[in-house]
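Student: Have a peek at target.cif (mmCIF, C-alpha atoms).
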data_model
loop_
_atom_site.group_PDB
_atom_site.id
_atom_site.type_symbol
_atom_site.label_atom_id
_atom_site.label_comp_id
_atom_site.auth_asym_id
_atom_site.auth_seq_id
_atom_site.Cartn_x
_atom_site.Cartn_y
_atom_site.Cartn_z
ATOM 1 C CA MET F 225 -2.324 -36.919 16.633
ATOM 2 C CA ALA F 226 -3.306 -33.295 17.133
ATOM 3 C CA ARG F 227 -0.030 -32.146 15.597
ATOM 4 C CA THR F 228 -0.560 -34.523 12.687
ATOM 5 C CA SER F 229 -4.026 -33.092 11.985
ATOM 6 C CA LEU F 230 -2.666 -29.556 12.099
ATOM 7 C CA LEU F 231 0.152 -30.492 9.697
ATOM 8 C CA LEU F 232 -2.292 -32.070 7.244
ATOM 9 C CA LEU F 233 -4.498 -28.970 7.334
ATOM 10 C CA LEU F 234 -1.523 -26.665 6.715
ATOM 11 C CA ILE F 235 -0.245 -28.748 3.783
ATOM 12 C CA SER F 236 -3.680 -28.871 2.174
ATOM 13 C CA GLU F 237 -4.014 -25.114 2.488
ATOM 14 C CA LEU F 238 -0.607 -24.471 0.912
ATOM 15 C CA CYS F 239 -0.876 -27.128 -1.785
ATOM 16 C CA CYS F 240 -4.432 -26.712 -3.009
ATOM 17 C CA ARG F 241 -4.678 -22.939 -2.803
ATOM 18 C CA THR F 242 -5.533 -21.282 -6.133
ATOM 19 C CA ASN F 243 -4.832 -17.742 -7.275
ATOM 20 C CA THR F 244 -7.860 -15.485 -7.211
ATOM 21 C CA ALA F 245 -6.145 -12.250 -8.211
ATOM 22 C CA ARG F 246 -4.119 -11.062 -11.215
ATOM 23 C CA LEU F 247 -1.444 -8.391 -11.061
ATOM 24 C CA THR F 248 -1.196 -5.902 -13.947
ATOM 25 C CA VAL F 249 1.134 -2.959 -14.502
ATOM 26 C CA SER F 250 0.776 0.253 -16.486
ATOM 27 C CA PRO F 251 2.562 1.087 -18.749
ATOM 28 C CA SER F 252 2.515 -2.617 -19.589
ATOM 29 C CA ARG F 253 6.215 -3.408 -19.869
ATOM 30 C CA SER F 254 8.989 -4.737 -17.685
ATOM 31 C CA GLN F 255 11.598 -1.941 -18.094
ATOM 32 C CA TYR F 256 11.329 1.736 -17.154
ATOM 33 C CA PHE F 257 13.403 4.903 -17.160
ATOM 34 C CA ILE F 258 14.052 6.812 -13.940
ATOM 35 C CA ASN F 259 11.220 9.093 -12.742
ATOM 36 C CA GLU F 260 8.510 7.438 -14.844
ATOM 37 C CA PHE F 261 4.997 6.986 -13.433
ATOM 38 C CA VAL F 262 4.030 3.339 -12.807
ATOM 39 C CA SER F 263 0.720 1.939 -11.553
ATOM 40 C CA LEU F 264 0.222 -1.642 -10.377
ATOM 41 C CA SER F 265 -3.245 -3.139 -9.788
ATOM 42 C CA CYS F 266 -4.598 -6.351 -8.280
ATOM 43 C CA GLU F 267 -7.509 -7.495 -10.421
ATOM 44 C CA GLU F 268 -9.560 -9.343 -7.824
ATOM 45 C CA ASP F 269 -12.056 -12.148 -8.140
ATOM 46 C CA ASP F 270 -12.995 -11.755 -4.485
ATOM 47 C CA SER F 271 -12.940 -8.194 -3.196
ATOM 48 C CA SER F 272 -13.482 -9.394 0.390
ATOM 49 C CA ALA F 273 -10.118 -11.178 0.417
ATOM 50 C CA GLY F 274 -8.305 -7.911 1.155
ATOM 51 C CA TRP F 275 -5.632 -8.094 -1.537
ATOM 52 C CA ARG F 276 -2.527 -5.977 -1.024
ATOM 53 C CA LEU F 277 0.556 -5.371 -3.146
ATOM 54 C CA ARG F 278 3.935 -6.638 -1.966
ATOM 55 C CA ARG F 279 7.431 -6.654 -3.455
ATOM 56 C CA ASN F 280 10.978 -7.931 -3.009
ATOM 57 C CA THR F 281 13.801 -5.603 -4.058
ATOM 58 C CA THR F 282 17.571 -5.692 -3.723
ATOM 59 C CA ASN F 283 17.506 -3.855 -0.393
ATOM 60 C CA ARG F 284 14.120 -4.724 1.157
ATOM 61 C CA TRP F 285 12.068 -7.912 1.328
ATOM 62 C CA MET F 286 8.330 -8.522 1.726
ATOM 63 C CA THR F 287 7.401 -4.864 1.972
ATOM 64 C CA GLU F 288 3.850 -3.676 1.401
ATOM 65 C CA CYS F 289 2.736 -0.742 -0.737
ATOM 66 C CA GLY F 290 2.617 2.417 1.350
ATOM 67 C CA ALA F 291 5.306 1.193 3.760
ATOM 68 C CA GLY F 292 8.101 3.435 2.488
ATOM 69 C CA TRP F 293 7.251 3.162 -1.216
ATOM 70 C CA GLY F 294 4.271 3.823 -3.464
ATOM 71 C CA GLU F 295 0.838 5.220 -2.648
ATOM 72 C CA SER F 296 -1.885 2.689 -1.917
ATOM 73 C CA SER F 297 -5.325 3.206 -3.437
ATOM 74 C CA GLY F 298 -7.597 0.268 -2.718
ATOM 75 C CA SER F 299 -6.147 -2.753 -4.484
ATOM 76 C CA SER F 300 -3.816 -0.550 -6.587
ATOM 77 C CA CYS F 301 -0.437 1.023 -5.907
ATOM 78 C CA ASN F 302 0.970 4.075 -7.710
ATOM 79 C CA ILE F 303 4.665 4.966 -7.919
ATOM 80 C CA SER F 304 4.956 8.578 -9.064
ATOM 81 C CA TYR F 305 8.718 8.666 -9.627
ATOM 82 C CA ILE F 306 10.171 5.221 -10.052
ATOM 83 C CA ASP F 307 13.816 4.689 -9.115
ATOM 84 C CA PRO F 308 16.424 1.937 -9.679
ATOM 85 C CA TRP F 309 15.861 0.936 -6.045
ATOM 86 C CA ASP F 310 12.333 -0.057 -7.118
ATOM 87 C CA SER F 311 13.683 -2.834 -9.354
ATOM 88 C CA GLY F 312 12.431 -6.197 -8.168
ATOM 89 C CA VAL F 313 9.482 -8.600 -8.214
ATOM 90 C CA TYR F 314 5.905 -7.598 -7.358
ATOM 91 C CA TRP F 315 2.810 -9.667 -6.492
ATOM 92 C CA CYS F 316 -0.610 -9.450 -4.840
ATOM 93 C CA GLU F 317 -1.296 -11.251 -1.564
ATOM 94 C CA SER F 318 -4.532 -11.790 0.356
ATOM 95 C CA ARG F 319 -5.067 -11.853 4.097
ATOM 96 C CA GLU F 320 -5.208 -15.652 3.967
ATOM 97 C CA GLY F 321 -1.814 -15.813 2.225
ATOM 98 C CA ALA F 322 -2.967 -16.600 -1.339
ATOM 99 C CA THR F 323 -0.775 -15.020 -4.028
ATOM 100 C CA SER F 324 -1.209 -13.815 -7.591
ATOM 101 C CA ASN F 325 1.142 -13.967 -10.548
ATOM 102 C CA ILE F 326 4.560 -12.326 -10.184
ATOM 103 C CA ILE F 327 5.780 -9.372 -12.261
ATOM 104 C CA SER F 328 9.454 -8.436 -12.612
ATOM 105 C CA ILE F 329 10.273 -4.724 -13.012
ATOM 106 C CA THR F 330 13.650 -3.239 -13.973
ATOM 107 C CA VAL F 331 14.443 0.476 -13.636
ATOM 108 C CA THR F 332 17.533 1.709 -15.476
ATOM 109 C CA GLY F 333 19.526 4.882 -15.335
ATOM 110 C CA GLY F 334 20.702 4.339 -18.918
ATOM 111 C CA SER F 335 19.307 5.693 -22.176
ATOM 112 C CA VAL F 336 17.881 2.493 -23.704
ATOM 113 C CA ILE F 337 15.157 0.097 -22.595
ATOM 114 C CA LEU F 338 13.586 -2.960 -24.197
ATOM 115 C CA GLN F 339 9.802 -2.888 -24.276
ATOM 116 C CA SER F 340 8.787 -6.547 -23.894
ATOM 117 C CA PRO F 341 5.705 -8.333 -22.495
ATOM 118 C CA VAL F 342 5.619 -8.228 -18.734
ATOM 119 C CA LEU F 343 3.157 -11.141 -18.571
ATOM 120 C CA PRO F 344 3.650 -14.635 -20.025
ATOM 121 C CA VAL F 345 2.905 -15.019 -23.746
ATOM 122 C CA MET F 346 0.829 -17.925 -24.999
ATOM 123 C CA GLU F 347 2.099 -20.218 -27.730
ATOM 124 C CA GLY F 348 0.933 -19.192 -31.199
ATOM 125 C CA HIS F 349 0.750 -15.470 -30.444
ATOM 126 C CA ASP F 350 2.887 -12.799 -32.108
ATOM 127 C CA VAL F 351 5.193 -10.689 -29.937
ATOM 128 C CA THR F 352 6.689 -7.330 -30.914
ATOM 129 C CA LEU F 353 9.796 -6.044 -29.132
ATOM 130 C CA HIS F 354 10.632 -2.344 -29.238
ATOM 131 C CA CYS F 355 14.069 -0.923 -28.491
ATOM 132 C CA LYS F 356 13.383 2.570 -27.150
ATOM 133 C CA THR F 357 15.656 5.486 -26.272
ATOM 134 C CA LYS F 358 15.008 8.079 -23.597
ATOM 135 C CA THR F 359 15.283 10.881 -26.161
ATOM 136 C CA THR F 360 13.501 11.216 -29.464
ATOM 137 C CA PRO F 361 13.490 9.801 -32.029
ATOM 138 C CA SER F 362 13.055 6.261 -30.687
ATOM 139 C CA ASN F 363 12.856 4.437 -34.031
ATOM 140 C CA LEU F 364 16.597 4.091 -34.507
ATOM 141 C CA PRO F 365 18.224 0.928 -35.898
ATOM 142 C CA ALA F 366 18.643 -1.626 -33.121
ATOM 143 C CA ALA F 367 20.219 -5.057 -32.722
ATOM 144 C CA PHE F 368 18.229 -7.673 -30.783
ATOM 145 C CA TYR F 369 19.787 -10.469 -28.729
ATOM 146 C CA LYS F 370 18.450 -13.655 -27.135
ATOM 147 C CA ASP F 371 20.477 -15.383 -24.410
ATOM 148 C CA GLY F 372 23.512 -13.351 -25.463
ATOM 149 C CA SER F 373 23.354 -14.290 -29.164
ATOM 150 C CA LEU F 374 22.452 -11.828 -31.904
ATOM 151 C CA ILE F 375 19.094 -12.503 -33.546
ATOM 152 C CA ARG F 376 19.064 -9.725 -36.147
ATOM 153 C CA THR F 377 19.221 -5.957 -36.598
ATOM 154 C CA GLU F 378 16.051 -4.023 -37.388
ATOM 155 C CA PRO F 379 16.278 -0.575 -39.035
ATOM 156 C CA THR F 380 13.254 0.856 -37.204
ATOM 157 C CA GLY F 381 13.989 -0.551 -33.722
ATOM 158 C CA HIS F 382 11.052 -3.014 -33.822
ATOM 159 C CA MET F 383 11.286 -6.815 -34.014
ATOM 160 C CA THR F 384 8.273 -9.138 -34.261
ATOM 161 C CA ILE F 385 8.394 -12.831 -33.379
ATOM 162 C CA HIS F 386 5.562 -14.627 -35.178
ATOM 163 C CA HIS F 387 3.761 -17.582 -33.619
ATOM 164 C CA VAL F 388 5.979 -17.942 -30.575
ATOM 165 C CA THR F 389 6.793 -21.384 -29.157
ATOM 166 C CA LYS F 390 8.529 -22.618 -26.012
ATOM 167 C CA SER F 391 11.844 -22.361 -27.867
ATOM 168 C CA ASP F 392 11.379 -18.567 -28.020
ATOM 169 C CA GLU F 393 11.440 -18.345 -24.236
ATOM 170 C CA GLY F 394 14.591 -16.706 -22.918
ATOM 171 C CA LEU F 395 16.496 -13.552 -21.956
ATOM 172 C CA TYR F 396 16.242 -10.681 -24.464
ATOM 173 C CA LYS F 397 17.998 -7.335 -24.793
ATOM 174 C CA CYS F 398 18.651 -4.747 -27.499
ATOM 175 C CA ASN F 399 21.406 -2.342 -28.470
ATOM 176 C CA ILE F 400 21.366 1.040 -30.224
ATOM 177 C CA GLY F 401 24.861 1.923 -31.276
ATOM 178 C CA SER F 402 24.576 5.654 -30.612
ATOM 179 C CA ASP F 403 22.824 5.334 -27.224
ATOM 180 C CA GLY F 404 23.845 2.063 -25.640
ATOM 181 C CA GLU F 405 22.379 -1.246 -24.534
ATOM 182 C CA SER F 406 19.201 -2.052 -22.612
ATOM 183 C CA PRO F 407 18.994 -4.255 -19.504
ATOM 184 C CA PRO F 408 17.959 -7.868 -20.183
ATOM 185 C CA SER F 409 14.374 -9.053 -19.658
ATOM 186 C CA TRP F 410 13.018 -12.585 -19.496
ATOM 187 C CA ILE F 411 10.118 -13.532 -21.800
ATOM 188 C CA THR F 412 7.986 -16.451 -20.634
ATOM 189 C CA VAL F 413 5.963 -18.583 -23.069
ATOM 190 C CA THR F 414 3.052 -20.673 -21.766
ATOM 191 C CA GLU F 415 1.555 -23.734 -23.412
ATOM 192 C CA LYS F 416 -1.575 -23.373 -25.447
ATOM 193 C CA PRO F 417 -4.662 -24.656 -23.585
ATOM 194 C CA THR F 418 -6.187 -27.896 -24.782
ATOM 195 C CA THR F 419 -9.703 -26.462 -24.753
ATOM 196 C CA PRO F 420 -10.748 -24.367 -27.766
ATOM 197 C CA GLY F 421 -9.985 -20.701 -27.182
ATOM 198 C CA PRO F 422 -10.209 -17.402 -29.036
ATOM 199 C CA THR F 423 -8.078 -16.754 -32.100
ATOM 200 C CA PRO F 424 -4.579 -15.591 -31.084
ATOM 201 C CA THR F 425 -4.086 -11.855 -31.407
ATOM 202 C CA PRO F 426 -0.761 -10.035 -31.774
ATOM 203 C CA THR F 427 0.894 -8.822 -28.607
ATOM 204 C CA SER F 428 2.851 -5.586 -28.791
ATOM 205 C CA CYS F 429 4.564 -3.451 -26.204
ATOM 206 C CA SER F 430 4.646 0.316 -26.497
ATOM 207 C CA SER F 431 4.900 3.240 -24.116
ATOM 208 C CA SER F 432 1.617 4.836 -23.136
ATOM 209 C CA SER F 433 0.034 6.893 -20.422
ATOM 210 C CA PRO F 434 -1.756 5.231 -17.461
ATOM 211 C CA SER F 435 -5.164 6.267 -18.792
ATOM 212 C CA SER F 436 -4.697 4.373 -22.064
ATOM 213 C CA SER F 437 -2.794 1.381 -20.671
ATOM 214 C CA SER F 438 -5.713 -1.012 -21.079
ATOM 215 C CA THR F 439 -5.240 -0.905 -24.878
ATOM 216 C CA ASP F 440 -1.473 -1.446 -24.863
ATOM 217 C CA THR F 441 -1.345 -5.218 -24.639
ATOM 218 C CA THR F 442 -3.811 -7.978 -25.387
ATOM 219 C CA PHE F 443 -3.409 -10.483 -22.595
ATOM 220 C CA PRO F 444 -3.905 -14.214 -23.188
ATOM 221 C CA PRO F 445 -7.073 -15.812 -21.857
ATOM 222 C CA PRO F 446 -6.900 -17.192 -18.319
ATOM 223 C CA PRO F 447 -5.490 -20.711 -18.049
ATOM 224 C CA PRO F 448 -7.880 -23.637 -17.599
ATOM 225 C CA PHE F 449 -8.749 -25.006 -14.195
ATOM 226 C CA PRO F 450 -5.596 -26.586 -12.724
ATOM 227 C CA VAL F 451 -6.836 -30.180 -12.714
ATOM 228 C CA MET F 452 -3.344 -31.662 -12.514
ATOM 229 C CA GLU F 453 -2.450 -29.494 -9.532
ATOM 230 C CA VAL F 454 -5.532 -30.675 -7.666
ATOM 231 C CA VAL F 455 -4.763 -34.322 -8.520
ATOM 232 C CA VAL F 456 -1.169 -33.925 -7.321
ATOM 233 C CA CYS F 457 -2.378 -32.305 -4.098
ATOM 234 C CA VAL F 458 -4.852 -35.115 -3.412
ATOM 235 C CA CYS F 459 -2.235 -37.794 -4.126
ATOM 236 C CA GLY F 460 0.253 -36.045 -1.867
ATOM 237 C CA LEU F 461 -2.269 -35.867 0.965
ATOM 238 C CA VAL F 462 -3.118 -39.578 0.581
ATOM 239 C CA VAL F 463 0.569 -40.528 0.733
ATOM 240 C CA LEU F 464 1.070 -38.306 3.786
ATOM 241 C CA VAL F 465 -1.909 -39.885 5.576
ATOM 242 C CA LEU F 466 -0.534 -43.369 4.854
ATOM 243 C CA LEU F 467 2.874 -42.385 6.208
ATOM 244 C CA VAL F 468 1.329 -40.977 9.382
ATOM 245 C CA PHE F 469 -0.719 -44.173 9.805
ATOM 246 C CA LEU F 470 2.365 -46.388 9.398
ATOM 247 C CA VAL F 471 4.389 -44.308 11.856
ATOM 248 C CA THR F 472 1.552 -44.464 14.405
ATOM 249 C CA LEU F 473 1.265 -48.252 13.953
ATOM 250 C CA CYS F 474 5.004 -48.707 14.458
ATOM 251 C CA VAL F 475 4.933 -46.612 17.630
ATOM 252 C CA GLN F 476 2.034 -48.660 19.010
ATOM 253 C CA ARG F 477 3.818 -51.936 18.245
ATOM 254 C CA LYS F 478 6.978 -50.670 19.868
ATOM 255 C CA SER F 479 5.138 -49.630 23.038
ATOM 256 C CA LYS F 480 3.357 -53.020 23.134
ATOM 257 C CA GLY F 481 6.679 -54.846 22.793
ATOM 258 C CA GLU F 482 8.153 -52.767 25.599
ATOM 259 C CA THR F 483 5.187 -53.681 27.847
ATOM 260 C CA GLN F 484 5.689 -57.411 27.260
ATOM 261 C CA THR F 485 9.384 -57.057 27.997
ATOM 262 C CA GLN F 486 8.588 -55.320 31.290
ATOM 263 C CA LEU F 487 6.212 -58.128 32.263
ATOM 264 C CA MET F 488 8.883 -60.756 31.569
ATOM 265 C CA GLN F 489 11.374 -58.810 33.655
ATOM 266 C CA ARG F 490 8.918 -58.668 36.547
ATOM 267 C CA GLU F 491 8.323 -62.447 36.407
ATOM 268 C CA LEU F 492 12.072 -63.059 36.340
ATOM 269 C CA GLU F 493 12.535 -60.799 39.365
ATOM 270 C CA LYS F 494 9.834 -62.726 41.257
ATOM 271 C CA MET F 495 11.495 -66.063 40.486
ATOM 272 C CA THR F 496 14.881 -64.692 41.562
ATOM 273 C CA SER F 497 13.469 -63.400 44.852
ATOM 274 C CA LYS F 498 11.874 -66.784 45.641
ATOM 275 C CA HIS F 499 15.181 -68.533 44.937
ATOM 276 C CA HIS F 500 17.037 -66.269 47.374
ATOM 277 C CA SER F 501 14.422 -66.833 50.088
ATOM 278 C CA ARG F 502 14.823 -70.604 49.844
ATOM 279 C CA GLU F 503 18.592 -70.392 50.223
ATOM 280 C CA SER F 504 18.248 -68.319 53.397
ATOM 281 C CA ASP F 505 15.859 -70.828 55.168
ATOM 282 C CA PRO F 506 17.896 -73.489 57.118
ATOM 283 C CA ALA F 507 14.922 -75.833 57.298
ATOM 284 C CA ALA F 508 14.389 -75.852 53.556
ATOM 285 C CA VAL F 509 14.669 -79.051 51.629
ATOM 286 C CA TYR F 510 16.740 -78.911 48.461
ATOM 287 C CA SER F 511 16.091 -81.437 45.782
ATOM 288 C CA ALA F 512 19.274 -82.963 44.509
ATOM 289 C CA GLY F 513 17.801 -85.144 41.815
ATOM 290 C CA ARG F 514 15.371 -87.833 41.011
ATOM 291 C CA LYS F 515 16.008 -91.464 40.265
ATOM 292 C CA ASP F 516 13.407 -94.203 39.795
ATOM 293 C CA GLY F 517 10.682 -91.922 41.078
ATOM 294 C CA VAL F 518 12.516 -91.406 44.381
ATOM 295 C CA SER F 519 13.608 -87.946 45.416
ATOM 296 C CA TYR F 520 16.908 -87.532 47.187
ATOM 297 C CA GLY F 521 17.529 -84.604 49.310
ATOM 298 C CA GLN F 522 19.266 -83.285 52.348
ATOM 299 C CA LYS F 523 17.416 -82.581 55.550
ATOM 300 C CA ALA F 524 18.452 -80.506 58.423
ATOM 301 C CA ASN F 525 19.961 -82.553 61.320
ATOM 302 C CA ARG F 526 17.691 -82.907 64.250
ATOM 303 C CA PRO F 527 18.549 -84.428 67.645
ATOM 304 C CA LYS F 528 17.763 -88.171 67.894
ATOM 305 C CA LYS F 529 15.487 -89.339 70.641
ATOM 306 C CA THR F 530 16.669 -92.474 72.578
ATOM 307 C CA ARG F 531 14.155 -94.770 74.134
ATOM 308 C CA ALA F 532 14.899 -95.702 77.801
ATOM 309 C CA CYS F 533 14.967 -99.475 78.507
ATOM 310 C CA PRO F 534 12.977 -100.652 81.528
ATOM 311 C CA PRO F 535 15.015 -102.112 84.432
ATOM 312 C CA GLU F 536 15.445 -105.862 84.358
ATOM 313 C CA PRO F 537 13.706 -107.692 87.206
ATOM 314 C CA GLU F 538 15.899 -109.142 89.889
ATOM 315 C CA VAL F 539 16.586 -112.839 89.407
ATOM 316 C CA VAL F 540 15.570 -114.995 92.318
ATOM 317 C CA TYR F 541 17.653 -118.089 92.751
ATOM 318 C CA SER F 542 16.187 -120.912 94.756
ATOM 319 C CA SER F 543 18.226 -123.832 96.000
ATOM 320 C CA LEU F 544 16.757 -127.280 95.982
ATOM 321 C CA ARG F 545 17.952 -129.445 98.334
#
Written as structure tokens, how would this file's structure read?

Tutor:
Amino acid sequence: MARTSLLLLLISELCCRTNTARLTVSPSRSQYFINEFVSLSCEEDDSSAGWRLRRNTTNRWMTECGAGWGESSGSSCNISYIDPWDSGVYWCESREGATSNIISITVTGGSVILQSPVLPVMEGHDVTLHCKTKTTPSNLPAAFYKDGSLIRTEPTGHMTIHHVTKSDEGLYKCNIGSDGESPPSWITVTEKPTTPGPTPTPTSCSSSSPSSSSTDTTFPPPPPFPVMEVVVCVCGLVVLVLLVFLVTLCVQRKSKGETQTQLMQRELEKMTSKHHSRESDPAAVYSAGRKDGVSYGQKANRPKKTRACPPEPEVVYSSLR
């Protein structure tokens, strides 16, 4: 039962844990050229949780900022000269194991990148994609693709998607004929909250310095309280408790059945031992059967005692004359 209680506690911690930090990146985009400056920050709700930045890349897993990459500064991490080896996913993690949202970063050695939202976009918002070259000018005609299919070509290198929906979610890239093609980036679209929220504002992605990154992108409002997640967690815990109870009940019944079986075996052994002891006693009486209330059996032979007859008196004959 102690293991069961520990398992229930662990599942409840993993299932019902909520994010209390939000990861942001500056410049706010998902693709970068080599040697650019990038800053990642954990926006904390609880500063005592000890949030730290972690990442998974193609060559290293679960590494923390400052352990061979980046320079840690409180809950932020700065990468002065980003490299293709820094491509991967980044997130914030607390001492208790809670995690934030995940950001995917791609570093290319090519001449073209696609500036797209690094965070999920809410339904109804406008999104502007910018196909940028490493050299100026960066407003060259560019072709934009979604999931490998051409959307359209824009003469200034900018494409705006108005009032995005879930159907706009996918893998985007762009191509400038004279400079090449950008790496692909995934754009995520989240459902609009049911509660009334602020009026959707356009979301655009453009290159900027770290000091002015807060004005680059207007982020969607935080999602509502995850009621469904809590309900699912509670239901899962109830089902798990019922399963543990049923397993415990079955084990108890099985042990009880085994005890009764052992008792029956002991009684049978006693009866068998008594039977053997009777067979070994020569003076024992074995019942052969019953008929008309009379028991017939065989007794051990015992020597018969003979009664001695008294001597006959001598006969006296008298003669009469």

Student: Hey, which of F:Ile329, F:Leu343, F:Cys398, F:Val475 ends up closest to Thr248 in chain F? Count all atoms listed in the file.

Tutor: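 Smallest distance to Thr248 in chain F is found for F:Leu343.
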
Student: For a test of reading the model, state the distance in Å between CA of Ser391 in chain F and CA of Val331 in chain F, rounded to one decimal.

Tutor: 27.0 Å

Student: With distances taken over all atoms listed in the file, which of F:Ala366, F:Ile327, F:Cys266, F:Val388 is nearest to Gly404 in chain F?

Tutor: F:Ala366

Student: Applied to the shown file, which residues does the PyMOL selection byres ((chain F and resi 300) around 12) return, written as a PyMOL selection string?

Tutor: chain F and resi 246-250+262-268+274-278+288-290+294-299+301-303+315-316

Student: Return as a list in words the set of residues that the PyMOL selection byres ((chain F and resi 254) around 10) yields on the displayed structure.

Tutor: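 On this input, the PyMOL selection byres ((chain F and resi 254) around 10) captures Val249, Ser250, Pro251, Ser252, Arg253, Gln255, Tyr256, Ser311, Ile327, Ser328, Ile329, Thr330, Val331, Ile337, Leu338, Gln339, Ser340, Pro341, Val342, Leu343, Pro408, Ser409, Trp410, Ile411 and Cys429 of chain F.
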
Student: Distance CA of Trp309 in chain F-CA of Ser335 in chain F, one decimal place?

Tutor: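 Atom-to-atom, CA of Trp309 in chain F to CA of Ser335 in chain F, that is 17.2 Å.
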
Student: In Å to one decimal, how far is CA of Val413 in chain F from CA of Ser324 in chain F?

Tutor: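 Calculated distance between CA of Ser324 in chain F and CA of Val413 in chain F is 17.7 Å.
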
Student: Return as number ranges by chain the set of residues that the PyMOL selection byres ((chain F and resi 307) around 7) yields on the displayed structure.

Tutor: F: 258-259, 305-306, 308-310, 331

Student: Considering all atoms listed in the file, can you say which of F:Ala245, F:Leu364, F:Val345, F:Met383 comes closest to Glu317 in chain F?

Tutor: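 Result for the nearest residue to Glu317 in chain F: F:Ala245.
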
Student: Taking all atoms listed in the file into account, which of F:Pro417, F:Gly348, F:Gly292, F:Gly334 comes nearest Ile385 in chain F?

Tutor: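 Between F:Pro417, F:Gly348, F:Gly292, F:Gly334, the residue approaching Ile385 in chain F most closely is F:Gly348.
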
Student: Between F:Asp403, F:Met346, F:Tyr396, F:Val471, which one has atoms that come closest to Gly372 in chain F, using all atoms listed in the file?

Tutor: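 Of the candidates, the smallest distance to Gly372 in chain F is held by F:Tyr396.
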
Student: Identify, on the basis of all atoms listed in the file, every residue whose closest approach to His382 in chain F does not exceed 7 Å; exclude the query and any residue fewer than 2 positions from it along the same chain; express the result as a list in words.

Tutor: Thr352, Leu353, His354, Cys355, Glu378, Thr380 and Thr384 of chain F
